[in-house]
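K.L.:
Here's a structure for you.
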Amino acid sequence: MTPQKSFDKLRPICVAITKRHSTDDIQRLNGELENIDREDIQRLHEYILFPLRYILKLSPNQKPSQETCEAAVRCITKVIDSCIIGNWELYGDLLTHLTVLISCPTNYGQVNTSSEELKLAVVSCIRTLVKHSPWSVTGHMYDDAFMPALGHCISIMLSIAEREDLRDLRIEAMECVLDLSLTGSDLSATQSKQISDVFAAFLPGIVIALCKIAMGDSKQGHGVISCAIHVWAKMVTLVMSDGSLGLLPSNTATPSLTSKDSIPGKPDVPTQPHMKTTEAGRELRVKRTTDWVKDTGQKLNLLINKMVTLRSNSNWKIRLAMVEFAESLLLYCTRSLPDSVSPLLEVLVELVGDEYHQVSMATQKALEKFSALHLHEDSKTLVEILEENLHSLMTSLPRLMRTSDDSHKLSTLNLVLGYLKLLGNKVNTLLYSASHLKRLSTALLQVLELDTSDVKIVEEKTPLAEVSPVATKSIPSSTDKTSLTHQQYHMYQRKKYFKHFRDDKIYEILMQICRLLGFYGDIQLLSDHFMEKFRESISQRKQAILIINELLMGTTGKDVPKTWKITESDISQPQNVETNMENIIETLLEEYILPTNWNLQTSNQSEVLPSRKSVSDRLLVMSQERAGLSLGTLHSNILQICFLLEGISTFSKVLGANFSLLLIQSLYPVFEKLGDETAVISQTAYSTLIDICNSCSYTSIDHLIQENSDYLVDAISHNLRHLDWNPKSPDVLKVMLQYGNADVLPLTQDVIDEILDSLDQHYDENAVLFMKVLHSLVCAVLRWFPHHKDLNDPKGLKVKSRERSTNKQTTVSVKDFISEYLRQQKIADGDVDDDDDVEEENAEVEEDVKKDVRDDGENDSDIYEPDKKLDLPLHITVVKQILERCMHFLSSKNPRLRLLVLEVVENSVLVLQEVENELLPLIHKIWPPMVQRFVDEEQLVTIKAFQTLLTMGEASGDFIRKRVVTDVLPKLVSFLEKQAATSGKSGPAYKHTVGYKQQLSILTGVGQLCIKLEIGCNECTSIANACLPYLSVKQPLTLQQAAMDVFKCLIEIEPDLIWLLLSDTFTPTPVLKPASVGFPLIKFAGTSCQKNEYAKNVTSLLEIL
């Protein structure tokens, strides 16, 4: 299309817009512009813009609606976007009137109340105008004559950025300020200086407004805050850069500036346009003198100190903007802003280890640029700045950790970590300074002060488990856990609580700081220094151990945080790992397991009572009181032992297979703590053994025990002979049995004999301790030998005989019963010869015997073969000896011992149940003291005695029937009858009482006990009458359900009796009609009222009958 045709199309539309100011005409113009070439628009742009400019210039009384103005502005934007504005008058006129369009007529410098859409269109139009104008035009903006208009435009943009709600509009306004400074354009040094001279006058208002936006509410969005940070840095760099102020040496070029004098593709123009100046413009202009730079730098430093706090913002894009902010000022304004170098450097140091890769990489690049640019002989080196800042920070760190919130603490520690990462191998230089090392260690020890106020860790005891003393909910007991790494089962370790912080991220940062020190620092110096701190103060021991452990972990390089200073070669060959690492760890290990550090009191209820006291009540208690310690002190002792165990775990990881040389020193103490009564110590010892297994190539803990059993057994045997000095030695045997396999039993036979002998010698003092060992042994045997055939009945004849007898009883039918009755009646009447009948019976009996023998595949010689005394296996012999020794302790005054003995008896019965010839005599011996436990003053003992009785009944069957009926059932019935009234009136809290637990225990097991013992009718009646009150709906629901189970078991024994008893309690039909008229009606004593408290449960039982 020719220019003339384009003009012919556009002319009527432009005339119509000038006359009518219609939105439709403007939209028509927009449509036509789509079909016109850019060259034609370039030629006709002034003509096209005339009617649109005319709309902007109309007075407020004649000005059209905001929609029309918005359409006009958008059309102007479209025209400018298709051409280059080369006329200054047109440029200045558009910029002025666009600014006035959204300005408040009564309040100069503030935006009016027009719509956000119109404001957004105006801001976008101004940005497009600046971008599509050459320097020959835009250069006039920076003359004195236009400075008031430029200042007005900047004020309007800042007002929009501060007060509007639309995020896109606020960001566009701030970007517009940046565009007005031509930041990012290719300009010469002279042109850049001319712009910076002008913007020096506007700098205070710009930086204050942008600082308010950046420090505002986070609800305004990360885009607004990031843009404000970006524009702030660009504006300060423009005015305060060393290059624009002439502070750089003549041979050093400013990185962001080039020597180009013109924009590519645009005509060259003189760099100094001639324009008449005005008095107002000269008043606005600022002369950048040395004093002005110094004064402005001090004021900007105040704002920078506020802005740098955004480095800890939760949004990673804002942190990235802060990296660019610090990089820009550090690269170009170090001499004009000398006081701001340190806080700006802190931003980069803290963010160098940011969790977001974009932030950390940008920070690393910025630090590399800064280090390369500012390492001059006549200036302070980066290392010196880092060392000074780190020293100052470590001085204030304890105070900050006590007074700041967690976010500020995390930010401060990230800063420390960043400094250490940057120093890298130069950390040693810092550590060799006594003042620096003292300040660093003091800060770490104070920050890592632990909270020992929680008493749960003291109260939680190791359960008497059959497989593992470690809490099953905390650490899995399977041995395949040895294949896990430290990170994978770190979750099983207890969380550490500190006085000055709660956030786990803070603890992780502190551990990274320690590992970095261990990786780069002199480990010999650090370990010696912190061991001195360990010996100096009891209150700092736990922190010192924790720090030493992490320092040693850092020497491996595995968990060291990655930085741009660390390379693969550093990790594979750490500089500070020397050949004497084994000597360092051996020294530390000796210190760790010293009795004064290792054998601390962890409970005020110790079961080990010293039988005699030697000088100073034995060496173990010289430094502490054996009783009456506060809970805080006990908690502190527990934590110290746990940290020592973690230290041994760390030693094994550092040395790897070489740790095998130290097993003889460390294994026995760790096993001793594995059997500790405090749960957290036992769990930590378990984790330590797992790490030792991984490091020394043991497949499992039982493999570790088996390979080192000779040393362990010898140590246990020796310590048992001096039990007063080694009260924990039985614990080692206990854990060997719990974690070992059946191969351990023959190796420990002699030690077990010593335990049994010691039990006789220390009857009063250490019975509980020894009984725990025996309990572990019985549980281990039960685990190792879960099932064996009956040694007294190897062919299974007894079982088959019982099954055959039971089958005969169950197959008798009513017809057979009547036939036998008639036959006996004939015999009584003399119809059958007695001799013939006896012969017939003898023949039948003989035939039955032959048939039984034939069915069982046995010969007569097998049946009548005399019993032989079989050699018992070792595990049966050991358990038999234990049971014989334990029965004497059932009458002990210590209720804990009585409970433990009952546990041993119960498990021993399970082991011996297949050797009846050995079990039954032992039950006979143990029965008298056992019976007394059913009237024990401690109800928990009674509950355990009943559970043991159930196990006996399962194992011995009718052997104890008469004993139970005579000695036990009356006590149980009496208790149930007496307690029924109490439970029937109780509330929800009753379920937490021991009486309720005893009721539930008896009701849960008595039914099965009756079946196993095959009790008679009288006993069944007494039990049923005792359990009947528990069918009431007034009883707790769990007791009702347990009573229902009892009656279901009794129904199997005496269904008719139970039916009659239940019917007398409640019956749906009060009168039972007979099947024949010859029998009388049967009336039940029970009521048929549905409101009866027994109705629900009795009805369910009657339905079963």
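By order in the structure tokens, chains are A, B, ...; within a chain, residues start at 1; ligands start at 1, following the order shown.
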Tell me which protein, DNA and RNA residues are within 9 Å of Phe199 (chain A), counting only C-alpha atoms, leaving out same-chain ones fewer than 4 positions away, and put them as a list in words.

P.N.:
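What passes the distance filter is Tyr142, Ser181, Gln194, Ile195, Leu203, Met235, Leu238, Val239, Arg285 and Val286 of chain A.
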
K.L.:
For region 973-981 of chain A, work out the shell of residues within 7 Å, counting only C-alpha atoms and skipping chain neighbours fewer than 4 positions away, then give it as a list of chain:residue names.

P.N.:
A:Leu969, A:Lys985, A:Gln999, A:Ile1023, A:Ala1026, A:Pro1029, A:Tyr1030

K.L.:
For Thr452 (chain A), find every residue with an atom within 9 Å (counting only C-alpha atoms), except residues of its own chain fewer than 5 positions away, and show them as a list in words.

P.N.:
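Those residues are Tyr497, Phe498, Lys499, Leu631, Gly632, Thr633, Leu634, His635, Ser636 and Leu639 of chain A.
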
K.L.:
Name all residues at most 6 Å from region 1034-1049 of chain A (count only C-alpha atoms; drop same-chain ones fewer than 2 positions away) and give them as a PyMOL selection string.

P.N.:
chain A and resi 984+1003-1004+1007+1030-1032+1051-1052

K.L.:
Those same residues, written as a PDB file, in the first residue's frame with N, CA, C and O atoms?

P.N.:
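Final output, out.pdb:
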ATOM      1  N   GLY A 984     -19.658 -51.638  88.951  1.00  0.00           N
ATOM      2  CA  GLY A 984     -20.994 -51.307  88.453  1.00  0.00           C
ATOM      3  C   GLY A 984     -21.388 -49.868  88.715  1.00  0.00           C
ATOM      4  O   GLY A 984     -22.247 -49.321  88.015  1.00  0.00           O
ATOM      5  N   LEU A1003     -11.383 -62.061  83.957  1.00  0.00           N
ATOM      6  CA  LEU A1003     -12.505 -62.376  83.068  1.00  0.00           C
ATOM      7  C   LEU A1003     -12.022 -62.786  81.683  1.00  0.00           C
ATOM      8  O   LEU A1003     -12.669 -63.598  81.014  1.00  0.00           O
ATOM      9  N   THR A1004     -10.907 -62.238  81.265  1.00  0.00           N
ATOM     10  CA  THR A1004     -10.397 -62.579  79.934  1.00  0.00           C
ATOM     11  C   THR A1004      -9.866 -64.001  79.879  1.00  0.00           C
ATOM     12  O   THR A1004      -9.984 -64.679  78.847  1.00  0.00           O
ATOM     13  N   GLY A1007     -12.254 -68.261  81.448  1.00  0.00           N
ATOM     14  CA  GLY A1007     -13.050 -69.163  80.617  1.00  0.00           C
ATOM     15  C   GLY A1007     -12.195 -70.225  79.959  1.00  0.00           C
ATOM     16  O   GLY A1007     -12.505 -71.426  80.030  1.00  0.00           O
ATOM     17  N   TYR A1030     -21.482 -59.204  85.835  1.00  0.00           N
ATOM     18  CA  TYR A1030     -20.770 -58.450  84.802  1.00  0.00           C
ATOM     19  C   TYR A1030     -21.520 -58.430  83.481  1.00  0.00           C
ATOM     20  O   TYR A1030     -21.074 -57.788  82.529  1.00  0.00           O
ATOM     21  N   LEU A1031     -22.639 -59.160  83.400  1.00  0.00           N
ATOM     22  CA  LEU A1031     -23.484 -59.081  82.209  1.00  0.00           C
ATOM     23  C   LEU A1031     -24.418 -57.882  82.272  1.00  0.00           C
ATOM     24  O   LEU A1031     -25.139 -57.597  81.303  1.00  0.00           O
ATOM     25  N   SER A1032     -24.405 -57.179  83.367  1.00  0.00           N
ATOM     26  CA  SER A1032     -25.246 -55.998  83.511  1.00  0.00           C
ATOM     27  C   SER A1032     -24.725 -54.865  82.633  1.00  0.00           C
ATOM     28  O   SER A1032     -23.509 -54.681  82.487  1.00  0.00           O
ATOM     29  N   ILE A1051     -20.439 -72.473  78.351  1.00  0.00           N
ATOM     30  CA  ILE A1051     -21.473 -73.156  77.558  1.00  0.00           C
ATOM     31  C   ILE A1051     -20.910 -74.425  76.947  1.00  0.00           C
ATOM     32  O   ILE A1051     -21.610 -75.453  76.831  1.00  0.00           O
ATOM     33  N   GLU A1052     -19.640 -74.398  76.571  1.00  0.00           N
ATOM     34  CA  GLU A1052     -19.036 -75.605  76.007  1.00  0.00           C
ATOM     35  C   GLU A1052     -18.905 -76.707  77.053  1.00  0.00           C
ATOM     36  O   GLU A1052     -18.895 -77.889  76.710  1.00  0.00           O
TER      37      GLU A1052
END

K.L.:
In Å, with one decimal, what is the gap from CA of Leu386 (chain A) to CA of Leu423 (chain A)?

P.N.:
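Taking CA of Leu386 (chain A) and CA of Leu423 (chain A), their separation equals 7.3 Å.
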
K.L.:
By how many Å are CA of Gln543 (chain A) and CA of Glu449 (chain A) apart?

P.N.:
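Computing the Euclidean distance for CA of Gln543 (chain A) and CA of Glu449 (chain A) yields 6.3 Å.
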
K.L.:
Choose the residue, out of A:Asp936, A:Asp40, A:Asp714, A:Glu707, that has the smallest atom-to-atom separation from Asp743 (chain A); count only C-alpha atoms.

P.N.:
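Of A:Asp936, A:Asp40, A:Asp714, A:Glu707, the one nearest Asp743 (chain A) is A:Glu707, counting only C-alpha atoms.
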